[in-house]
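Below: the structure, in structure tokens.
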Number of protein chains: 2
Amino acid sequence: MIEKMLSTIKQNQLIEYGDKIVVGLSGGADSLSLTHALLSLKEMFGLEIMAVHINHMLRGEAADADAGFVEAFCLENHLPFKIYKVNVTDFANEKGLSFEEAGRIVRYEKFYEALGAFDAHKIAVAQNRNDVLETFFINLLRGSGIDGLSSIDYKRDGVIIRPLLDIERSEIDQYCLDNGLIPRYDHTNDENDYLRNKVRNVLLPDLRENYNPSLDDAVMKTVNIMRCEKSFWHDQNEKRFHECCTYENDVVTIGTTVYDALHPAEKNQLIRYAVKRMKGNLTNLSYDQINQIARLKRTGSMCRIDDRLSIRRSHNALIMYFEDQILEPSEKKLFVKKVPL
Amino acid sequence: MIEKMLSTIKQNQLIEYGDKIVVGLSGGADSLSLTHALLSLKEMFGLEIMAVHINHMLRGEAADADAGFVEAFCLENHLPFKIYKVNVTDFANEKGLSFEEAGRIVRYEKFYEALGAFDAHKIAVAQNRNDVLETFFINLLRGSGIDGLSSIDYKRDGVIIRPLLDIERSEIDQYCLDNGLIPRYDHTNDENDYLRNKVRNVLLPDLRENYNPSLDDAVMKTVNIMRCEKSFWHDQNEKRFHECCTYENDVVTIGTTVYDALHPAEKNQLIRYAVKRMKGNLTNLSYDQINQIARLKRTGSMCRIDDRLSIRRSHNALIMYFEDQILEPSEKKLFVKKVPL
């Protein structure tokens with residue numbers, strides 16, 4: 001497993017010499033193996049390693065016992081650590097999210113908090129090849145483009161790294177056996193993510209048994225092609241954005257002289273890129289909206305992207321702006337002056 | 001159904017006024033509806049319509065009865081027609097192909113033959129939205145890139161057109177009922193394509209029932225995104241090919257000054273495009289080969305694409321050539337002179 005992980009790290013430049021790395025440590029087989037494996041690479045890469053554990057408070061005593069287990073492991077291995085306790089149930093109810101989605105948001109928020117607290121460079125999380133396959137099918141079943149089909153990435157924002165992404169769950173279990181690691185069994189995985197578990201335990205075994213015994217390799221080819229396409233579009237969008245867009249005072253202006261001549265695929269990608277620059281994410285941007293935006297041809301026509309963000313066509317530009325932003329009189333003046341609607 | 005078909009025809013510019021169209025008519029519900037629907041558009045588009053039927057000789061008397069049915073339908077509707085009889089079993093065994101693959105090859109060969117014989121412009125085939133979904137999953141289960149995930153296209157080579165591609169099987173059945181059409185039941189579909197039938201009758205119903213009741217719409221979004229990407233790459237490849245490639249005497253030369261600076265996704269697409277220009281298809285070009293070709297960096301290094309086609313790196317070009325081609329002394333001289341290896 002270590003050699004495979006090393007090759008993943010090198011190929012995707014996940015770790016640089018001297019990195020300070022916070023490992024997300026739930027206590028389950030994946031994160032325990034990741035922590036153990038990174039510790040064994042400590043000297044090779046001159047690493048500083050610390051752990052962060054998030055107690056989701058979803059399982060009462062069992063969750064506290066997990067936290068205790070992580071604490072003991074860290075003390076034994078002289079690993080600095082932080083344990084956060086967050087009531088995910090409350091957060092999910094408050095925001096109207098599923099437990100899984102809420103857990104994910106809380107987790108990454110705390111990961112970044114720990115990154116700051118430890119003054120570290122990277123956060124290593126323990127997702128593996130099986131997670132990639134499951135995520136691929138979950139996204140596919142919901143309807144998805146290149147981003148969704150490229151599934152989980154090795155790196156995000158240059159900060160989140162996933163060194164186990166090419167390793168299978170079975171290899172991780174073997175690694176635990178070989179190294180005398182006795183992980184906690186993470187029941188939340190089973191309880192809170194119904195769809196993921198059905199994909200993992202029913203759909204994927206069925207597809208392997210009845211459709212293609214090499215399903216995992218076949219789907220990984222698709223995932224890798226999509227990763228490559230995603231990276232192409234990232235580069236392409238940066239170029240195009242520089243070429244025909246400005247981004248000032250929270251307003252993106254897309255010059256239509258260049259934009260109108262683009263292929264529909266380029267237009268869609270550029271709009272997604274601009275939305276991401278404005279909002280930081282693509283949540284709630286639907287396929288239908290993208291198509292609507294592509295049809296904005298008449299001056300003055302507009303499309304709401306969400307309850308704050310809109311896009312409007314002027315005679316020589318597409319203007320993306322926050323509606324509340326331009327309600328401020330001073331801003332409005334500035335905005336109107338800069339880009340007459 | 002007719003309105004939906006009309007909108008498909010217009011949006012994808014499948015038919016021009018005055019077209020001569022050969023319809024592939026098996027006698028099943030899909031092709032019978034297509035023929036009937038096209039006949040109803042005859043005046044609107046000033047069409048000439050004729051039919052072609054291929055007797056695959058896979059089902060003895062039943063196949064002959066289908067041919068008889070088609071003949072009767074054509075005579076009744078004053079439709080010029082041609083019936084071809086081909087022994088698909090022999091062809092499949094000879095070429096080591098599945099019945100389905102052999103049937104497909106024979107069918108399109110005869111379609112093109114009929115196109116010539118009738119001096120027609122287009123060949124209309126009756127694939128529908130369910131076929132698109134099935135093909136998507138078949139390709140996905142085998143491992144596939146953008147081409148495979150974009151499934152079946154509305155048009156191929158500007159000649160094959162698929163006016164029913166947005167229509168569901170249930171709508172076609174309804175159309176038959178409404179218009180008193182009593183189609184032949186095409187048993188070969190069930191018998192010869194085991195995988196397609198399992199996808200149609202087991203996998204898709206399971207995914208709809210247990211994972212997403214709106215599965216078809218979700219997957220069609222993915223298919224449409226992939227169609228758009230495919231069309232982008234087609235345009236992009238034509239530009240790039242013009243920019244850095246030459247194609248003379250069955251040799252493609254890709255200038256590495258431009259090529260080396262491309263994004264991996266662009267390189268892969270350009271190589272696929274060049275192979276298609278050379279061979280007419282991408283059969284047997286695997287994902288691994290594409291990756292191997294991308295790694296040709298050293299002058300003199302080479303990669304076999306199939307038993308005839310190879311690609312070799314010279315100091316300033318990638319040269320794609322047929323091995324038997326350059327064995328001819330005169331060609332060899334020409335080749336060596338033009339592009340020193």
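To be explicit about the labels: the chains of the structure tokens are called A, B, and onward in the order shown, and within each one the residues are counted from 1, while ligands get numbers from 1 in the order they are shown.
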Next item on the list: Looking only at helix (DSSP H, G or I) from DSSP on the backbone, list the matching residues of region 108-230 of chain B as a ChimeraX atom specification.
Entry: /B:108-118,129-142,146-149,169-178,187-192,194-210,215-230
With chain B held fixed, move chain A onto it by a least-squares fit of all C-alpha atoms in order and give the output as a short mmCIF file (atom, residue, chain, number, x, y, z; two decimals) with C-alpha atoms, in the first residue's frame.
```cif
data_model
loop_
_atom_site.label_atom_id
_atom_site.label_comp_id
_atom_site.auth_asym_id
_atom_site.auth_seq_id
_atom_site.Cartn_x
_atom_site.Cartn_y
_atom_site.Cartn_z
CA MET A 1 -44.96 12.24 -31.20
CA ILE A 2 -44.92 14.05 -34.55
CA GLU A 3 -44.43 17.48 -32.92
CA LYS A 4 -41.53 16.18 -30.82
CA MET A 5 -39.99 14.57 -33.88
CA LEU A 6 -40.38 17.81 -35.83
CA SER A 7 -38.61 19.75 -33.11
CA THR A 8 -35.77 17.18 -33.10
CA ILE A 9 -35.53 17.49 -36.90
CA LYS A 10 -35.41 21.29 -36.78
CA GLN A 11 -33.08 21.63 -33.82
CA ASN A 12 -30.57 19.24 -35.31
CA GLN A 13 -31.14 20.12 -38.96
CA LEU A 14 -31.79 16.52 -39.88
CA ILE A 15 -33.89 17.15 -42.98
CA GLU A 16 -33.72 19.77 -45.70
CA TYR A 17 -36.50 20.60 -48.12
CA GLY A 18 -36.47 18.20 -51.07
CA ASP A 19 -34.44 15.45 -49.35
CA LYS A 20 -34.58 11.91 -50.67
CA ILE A 21 -34.68 9.71 -47.57
CA VAL A 22 -34.18 5.97 -47.28
CA VAL A 23 -35.83 4.62 -44.12
CA GLY A 24 -34.43 1.52 -42.45
CA LEU A 25 -37.61 -0.54 -41.97
CA SER A 26 -37.35 -3.72 -39.91
CA GLY A 27 -41.09 -3.89 -39.39
CA GLY A 28 -40.81 -3.35 -35.63
CA ALA A 29 -42.69 -0.60 -33.77
CA ASP A 30 -39.83 1.93 -33.95
CA SER A 31 -39.09 1.75 -37.67
CA LEU A 32 -42.74 1.36 -38.63
CA SER A 33 -43.64 4.50 -36.68
CA LEU A 34 -40.69 6.37 -38.17
CA THR A 35 -41.72 5.44 -41.72
CA HIS A 36 -45.35 6.33 -41.04
CA ALA A 37 -44.38 9.64 -39.43
CA LEU A 38 -41.99 10.60 -42.24
CA LEU A 39 -44.73 9.83 -44.78
CA SER A 40 -46.95 12.33 -42.98
CA LEU A 41 -44.21 14.99 -43.37
CA LYS A 42 -43.73 14.23 -47.06
CA GLU A 43 -45.47 17.34 -48.33
CA MET A 44 -44.19 19.72 -45.67
CA PHE A 45 -40.58 18.91 -46.57
CA GLY A 46 -41.10 17.95 -50.22
CA LEU A 47 -39.62 14.56 -49.41
CA GLU A 48 -39.05 11.46 -51.48
CA ILE A 49 -39.19 8.43 -49.22
CA MET A 50 -38.09 4.85 -49.85
CA ALA A 51 -37.50 1.90 -47.58
CA VAL A 52 -34.74 -0.63 -47.07
CA HIS A 53 -35.14 -3.88 -45.17
CA ILE A 54 -32.36 -6.23 -44.19
CA ASN A 55 -33.22 -9.88 -43.64
CA HIS A 56 -30.51 -11.03 -41.23
CA MET A 57 -31.46 -14.71 -41.81
CA LEU A 58 -31.20 -15.30 -38.08
CA ARG A 59 -34.72 -16.54 -37.51
CA GLY A 60 -35.70 -18.62 -40.52
CA GLU A 61 -39.40 -18.28 -41.35
CA ALA A 62 -40.03 -15.45 -38.92
CA ALA A 63 -37.42 -13.34 -40.74
CA ASP A 64 -39.01 -14.13 -44.11
CA ALA A 65 -42.40 -13.18 -42.70
CA ASP A 66 -40.96 -9.82 -41.54
CA ALA A 67 -39.67 -9.20 -45.05
CA GLY A 68 -43.11 -10.08 -46.44
CA PHE A 69 -44.74 -7.69 -44.00
CA VAL A 70 -42.41 -4.85 -45.03
CA GLU A 71 -43.06 -5.58 -48.72
CA ALA A 72 -46.82 -5.44 -48.17
CA PHE A 73 -46.55 -2.21 -46.17
CA CYS A 74 -44.43 -0.56 -48.86
CA LEU A 75 -46.72 -1.65 -51.71
CA GLU A 76 -49.76 -0.41 -49.82
CA ASN A 77 -48.11 2.96 -49.20
CA HIS A 78 -46.58 3.30 -52.69
CA LEU A 79 -43.12 3.29 -51.18
CA PRO A 80 -40.18 2.17 -53.33
CA PHE A 81 -38.18 -0.40 -51.36
CA LYS A 82 -35.22 -2.78 -51.37
CA ILE A 83 -34.87 -5.98 -49.40
CA TYR A 84 -31.40 -7.40 -48.77
CA LYS A 85 -30.81 -10.91 -47.49
CA VAL A 86 -27.53 -11.40 -45.61
CA ASN A 87 -26.38 -14.37 -43.58
CA VAL A 88 -25.32 -12.59 -40.40
CA THR A 89 -24.43 -15.87 -38.64
CA ASP A 90 -21.81 -16.64 -41.27
CA PHE A 91 -20.50 -13.10 -41.22
CA ALA A 92 -20.25 -13.09 -37.40
CA ASN A 93 -18.43 -16.45 -37.34
CA GLU A 94 -16.10 -15.41 -40.14
CA LYS A 95 -15.08 -12.17 -38.43
CA GLY A 96 -15.24 -13.44 -34.86
CA LEU A 97 -17.93 -10.91 -33.92
CA SER A 98 -21.00 -11.08 -31.72
CA PHE A 99 -24.30 -11.36 -33.61
CA GLU A 100 -25.18 -7.86 -32.51
CA GLU A 101 -21.95 -6.31 -33.75
CA ALA A 102 -22.11 -8.31 -36.99
CA GLY A 103 -25.75 -7.31 -37.52
CA ARG A 104 -24.90 -3.67 -36.99
CA ILE A 105 -22.03 -3.72 -39.49
CA VAL A 106 -24.06 -5.56 -42.14
CA ARG A 107 -27.03 -3.25 -41.60
CA TYR A 108 -25.09 -0.02 -42.09
CA GLU A 109 -23.23 -1.48 -45.09
CA LYS A 110 -26.53 -2.26 -46.77
CA PHE A 111 -28.00 1.10 -45.74
CA TYR A 112 -25.20 2.85 -47.59
CA GLU A 113 -25.65 0.48 -50.54
CA ALA A 114 -29.34 1.44 -50.69
CA LEU A 115 -28.42 5.12 -50.38
CA GLY A 116 -26.36 4.74 -53.54
CA ALA A 117 -28.90 2.57 -55.35
CA PHE A 118 -31.70 5.06 -54.71
CA ASP A 119 -29.42 8.04 -55.29
CA ALA A 120 -30.77 9.39 -51.98
CA HIS A 121 -29.46 12.03 -49.52
CA LYS A 122 -30.14 10.55 -46.10
CA ILE A 123 -30.75 7.29 -44.28
CA ALA A 124 -33.26 7.57 -41.44
CA VAL A 125 -32.92 5.01 -38.66
CA ALA A 126 -35.38 4.53 -35.83
CA GLN A 127 -33.33 4.63 -32.65
CA ASN A 128 -35.15 6.31 -29.76
CA ARG A 129 -34.49 7.84 -26.35
CA ASN A 130 -34.49 4.44 -24.64
CA ASP A 131 -31.79 3.25 -27.04
CA VAL A 132 -29.75 6.32 -26.06
CA LEU A 133 -30.02 5.45 -22.37
CA GLU A 134 -29.21 1.79 -22.94
CA THR A 135 -26.20 2.63 -25.10
CA PHE A 136 -24.99 5.10 -22.48
CA PHE A 137 -24.99 2.42 -19.77
CA ILE A 138 -23.48 -0.25 -22.05
CA ASN A 139 -20.61 2.11 -22.90
CA LEU A 140 -20.24 3.19 -19.28
CA LEU A 141 -20.04 -0.40 -18.03
CA ARG A 142 -17.29 -1.08 -20.57
CA GLY A 143 -15.35 2.07 -19.60
CA SER A 144 -15.75 5.03 -21.88
CA GLY A 145 -14.81 8.63 -22.58
CA ILE A 146 -16.80 11.53 -23.98
CA ASP A 147 -17.67 9.77 -27.25
CA GLY A 148 -19.09 6.72 -25.50
CA LEU A 149 -20.99 8.73 -22.88
CA SER A 150 -22.50 10.98 -25.55
CA SER A 151 -24.17 7.73 -26.67
CA ILE A 152 -26.01 7.79 -30.02
CA ASP A 153 -25.95 10.99 -32.06
CA TYR A 154 -28.78 12.64 -34.04
CA LYS A 155 -26.62 12.58 -37.15
CA ARG A 156 -23.60 10.68 -38.43
CA ASP A 157 -21.47 11.76 -41.37
CA GLY A 158 -24.31 14.08 -42.38
CA VAL A 159 -26.05 11.01 -43.86
CA ILE A 160 -27.47 8.82 -41.09
CA ILE A 161 -30.26 10.69 -39.30
CA ARG A 162 -32.21 9.67 -36.20
CA PRO A 163 -35.45 11.68 -36.02
CA LEU A 164 -36.90 9.58 -33.13
CA LEU A 165 -33.95 10.09 -30.82
CA ASP A 166 -35.90 12.26 -28.33
CA ILE A 167 -38.97 10.00 -28.32
CA GLU A 168 -39.56 7.35 -25.68
CA ARG A 169 -40.46 3.78 -26.48
CA SER A 170 -43.83 4.25 -24.73
CA GLU A 171 -44.66 7.21 -26.99
CA ILE A 172 -43.86 5.08 -30.02
CA ASP A 173 -46.17 2.32 -28.80
CA GLN A 174 -48.89 4.93 -28.30
CA TYR A 175 -48.28 6.27 -31.82
CA CYS A 176 -48.75 2.76 -33.22
CA LEU A 177 -52.04 2.40 -31.32
CA ASP A 178 -53.28 5.82 -32.41
CA ASN A 179 -52.49 5.15 -36.05
CA GLY A 180 -53.62 1.55 -36.30
CA LEU A 181 -50.09 0.32 -36.95
CA ILE A 182 -49.56 -3.33 -36.03
CA PRO A 183 -45.79 -3.81 -35.97
CA ARG A 184 -43.87 -7.06 -36.13
CA TYR A 185 -42.24 -7.98 -32.86
CA ASP A 186 -38.52 -8.04 -33.48
CA HIS A 187 -37.35 -11.14 -31.63
CA THR A 188 -33.74 -10.73 -32.75
CA ASN A 189 -33.45 -7.77 -30.41
CA ASP A 190 -34.14 -10.06 -27.49
CA GLU A 191 -32.09 -12.98 -28.63
CA ASN A 192 -28.89 -11.52 -29.96
CA ASP A 193 -27.99 -8.75 -27.63
CA TYR A 194 -27.83 -10.19 -24.20
CA LEU A 195 -26.15 -7.21 -22.53
CA ARG A 196 -28.47 -4.62 -24.08
CA ASN A 197 -31.49 -6.61 -22.97
CA LYS A 198 -30.21 -6.97 -19.45
CA VAL A 199 -29.56 -3.23 -19.30
CA ARG A 200 -33.04 -2.55 -20.72
CA ASN A 201 -35.03 -5.06 -18.72
CA VAL A 202 -33.13 -5.36 -15.45
CA LEU A 203 -30.62 -2.59 -14.77
CA LEU A 204 -32.59 0.47 -15.91
CA PRO A 205 -35.85 -0.55 -14.17
CA ASP A 206 -33.84 -1.27 -10.99
CA LEU A 207 -32.10 2.12 -11.10
CA ARG A 208 -35.41 3.91 -11.70
CA GLU A 209 -37.18 2.07 -8.91
CA ASN A 210 -34.48 2.02 -6.26
CA TYR A 211 -32.19 4.98 -6.95
CA ASN A 212 -33.85 7.77 -8.87
CA PRO A 213 -37.37 7.84 -10.33
CA SER A 214 -36.16 10.63 -12.66
CA LEU A 215 -33.17 8.58 -13.76
CA ASP A 216 -33.88 9.00 -17.48
CA ASP A 217 -33.90 12.79 -17.28
CA ALA A 218 -30.81 12.80 -15.07
CA VAL A 219 -28.85 10.59 -17.44
CA MET A 220 -30.09 12.52 -20.49
CA LYS A 221 -28.56 15.66 -18.93
CA THR A 222 -25.22 13.87 -18.79
CA VAL A 223 -25.67 12.63 -22.38
CA ASN A 224 -26.48 16.15 -23.58
CA ILE A 225 -23.47 17.65 -21.81
CA MET A 226 -21.27 14.97 -23.38
CA ARG A 227 -22.77 15.62 -26.83
CA CYS A 228 -21.90 19.29 -26.44
CA GLU A 229 -18.33 18.40 -25.33
CA LYS A 230 -17.97 16.00 -28.25
CA SER A 231 -18.99 18.68 -30.69
CA PHE A 232 -16.55 21.14 -29.06
CA TRP A 233 -13.69 18.67 -29.46
CA HIS A 234 -14.63 18.01 -33.06
CA ASP A 235 -14.29 21.73 -33.87
CA GLN A 236 -11.19 22.10 -31.73
CA ASN A 237 -9.48 19.11 -33.37
CA GLU A 238 -10.17 20.42 -36.85
CA LYS A 239 -8.52 23.72 -35.92
CA ARG A 240 -5.54 22.06 -34.24
CA PHE A 241 -5.07 19.56 -37.04
CA HIS A 242 -4.97 22.38 -39.55
CA GLU A 243 -2.56 24.24 -37.27
CA CYS A 244 0.08 21.61 -36.62
CA CYS A 245 -0.55 18.53 -38.75
CA THR A 246 -0.13 17.47 -42.36
CA TYR A 247 -1.83 14.49 -43.96
CA GLU A 248 -0.17 13.31 -47.16
CA ASN A 249 0.33 9.90 -48.76
CA ASP A 250 -1.46 8.19 -45.90
CA VAL A 251 0.98 9.64 -43.38
CA VAL A 252 -0.06 12.09 -40.66
CA THR A 253 2.72 14.29 -39.35
CA ILE A 254 2.03 16.13 -36.10
CA GLY A 255 4.44 18.99 -35.46
CA THR A 256 5.66 18.69 -31.89
CA THR A 257 6.34 22.40 -31.41
CA VAL A 258 2.61 22.98 -31.12
CA TYR A 259 1.73 19.46 -29.88
CA ASP A 260 4.11 19.42 -26.92
CA ALA A 261 2.59 22.62 -25.54
CA LEU A 262 -0.96 21.26 -25.56
CA HIS A 263 -2.88 20.17 -22.47
CA PRO A 264 -2.95 16.33 -22.10
CA ALA A 265 -6.67 16.37 -22.91
CA GLU A 266 -5.96 18.20 -26.18
CA LYS A 267 -3.15 15.80 -27.05
CA ASN A 268 -5.38 12.78 -26.48
CA GLN A 269 -8.17 14.26 -28.56
CA LEU A 270 -5.82 15.21 -31.39
CA ILE A 271 -4.31 11.70 -31.50
CA ARG A 272 -7.79 10.18 -31.63
CA TYR A 273 -8.72 12.57 -34.41
CA ALA A 274 -5.59 11.65 -36.40
CA VAL A 275 -6.26 7.91 -35.95
CA LYS A 276 -9.80 8.45 -37.17
CA ARG A 277 -8.54 10.34 -40.22
CA MET A 278 -6.19 7.45 -40.99
CA LYS A 279 -8.41 4.43 -40.25
CA GLY A 280 -11.92 5.86 -40.50
CA ASN A 281 -12.72 4.59 -37.00
CA LEU A 282 -11.36 4.31 -33.47
CA THR A 283 -11.89 0.57 -33.07
CA ASN A 284 -9.28 -1.02 -30.82
CA LEU A 285 -7.71 2.29 -29.82
CA SER A 286 -7.53 1.82 -26.08
CA TYR A 287 -7.19 4.27 -23.24
CA ASP A 288 -3.83 2.72 -22.37
CA GLN A 289 -2.52 3.23 -25.91
CA ILE A 290 -3.53 6.86 -25.86
CA ASN A 291 -1.56 7.21 -22.64
CA GLN A 292 1.41 5.40 -24.16
CA ILE A 293 1.37 7.70 -27.17
CA ALA A 294 1.26 10.71 -24.88
CA ARG A 295 4.48 9.45 -23.31
CA LEU A 296 6.42 9.28 -26.61
CA LYS A 297 9.03 11.91 -25.87
CA ARG A 298 12.33 10.40 -27.02
CA THR A 299 13.23 10.61 -30.74
CA GLY A 300 12.79 7.19 -32.30
CA SER A 301 10.37 5.89 -29.65
CA MET A 302 7.23 4.37 -31.12
CA CYS A 303 3.88 2.79 -30.34
CA ARG A 304 1.83 0.27 -32.34
CA ILE A 305 -1.80 1.35 -32.64
CA ASP A 306 -2.92 -1.87 -34.32
CA ASP A 307 -1.36 -4.51 -36.56
CA ARG A 308 -1.01 -1.96 -39.38
CA LEU A 309 -0.92 1.50 -37.85
CA SER A 310 2.02 2.86 -35.85
CA ILE A 311 3.17 6.17 -34.50
CA ARG A 312 6.77 7.20 -34.13
CA ARG A 313 8.49 10.23 -32.64
CA SER A 314 11.07 12.06 -34.77
CA HIS A 315 13.00 15.06 -33.52
CA ASN A 316 10.28 17.57 -34.38
CA ALA A 317 7.20 15.51 -35.21
CA LEU A 318 4.99 12.57 -34.33
CA ILE A 319 4.53 10.48 -37.46
CA MET A 320 1.54 8.19 -37.86
CA TYR A 321 1.83 5.67 -40.69
CA PHE A 322 0.70 2.29 -41.97
CA GLU A 323 3.57 -0.15 -41.65
CA ASP A 324 2.71 -2.08 -44.83
CA GLN A 325 2.51 1.21 -46.68
CA ILE A 326 6.13 2.08 -46.16
CA LEU A 327 7.31 -1.39 -47.04
CA GLU A 328 6.75 -0.48 -50.71
CA PRO A 329 10.18 0.73 -51.84
CA SER A 330 8.89 3.77 -53.70
CA GLU A 331 6.67 4.79 -50.79
CA LYS A 332 9.47 4.13 -48.36
CA LYS A 333 11.77 6.44 -50.25
CA LEU A 334 9.10 9.11 -50.33
CA PHE A 335 8.35 8.62 -46.66
CA VAL A 336 11.95 8.63 -45.55
CA LYS A 337 12.63 11.70 -47.61
CA LYS A 338 9.69 13.59 -46.23
CA VAL A 339 9.98 12.79 -42.57
CA PRO A 340 13.30 11.41 -41.41
CA LEU A 341 12.73 9.07 -38.46
#
```
Checklist line | strand (DSSP E) residues, from DSSP on the backbone, in region 46-224 of chain A, as a PyMOL selection string | finding: chain A and resi 48-55+81-85+122-124+155-156+160-161
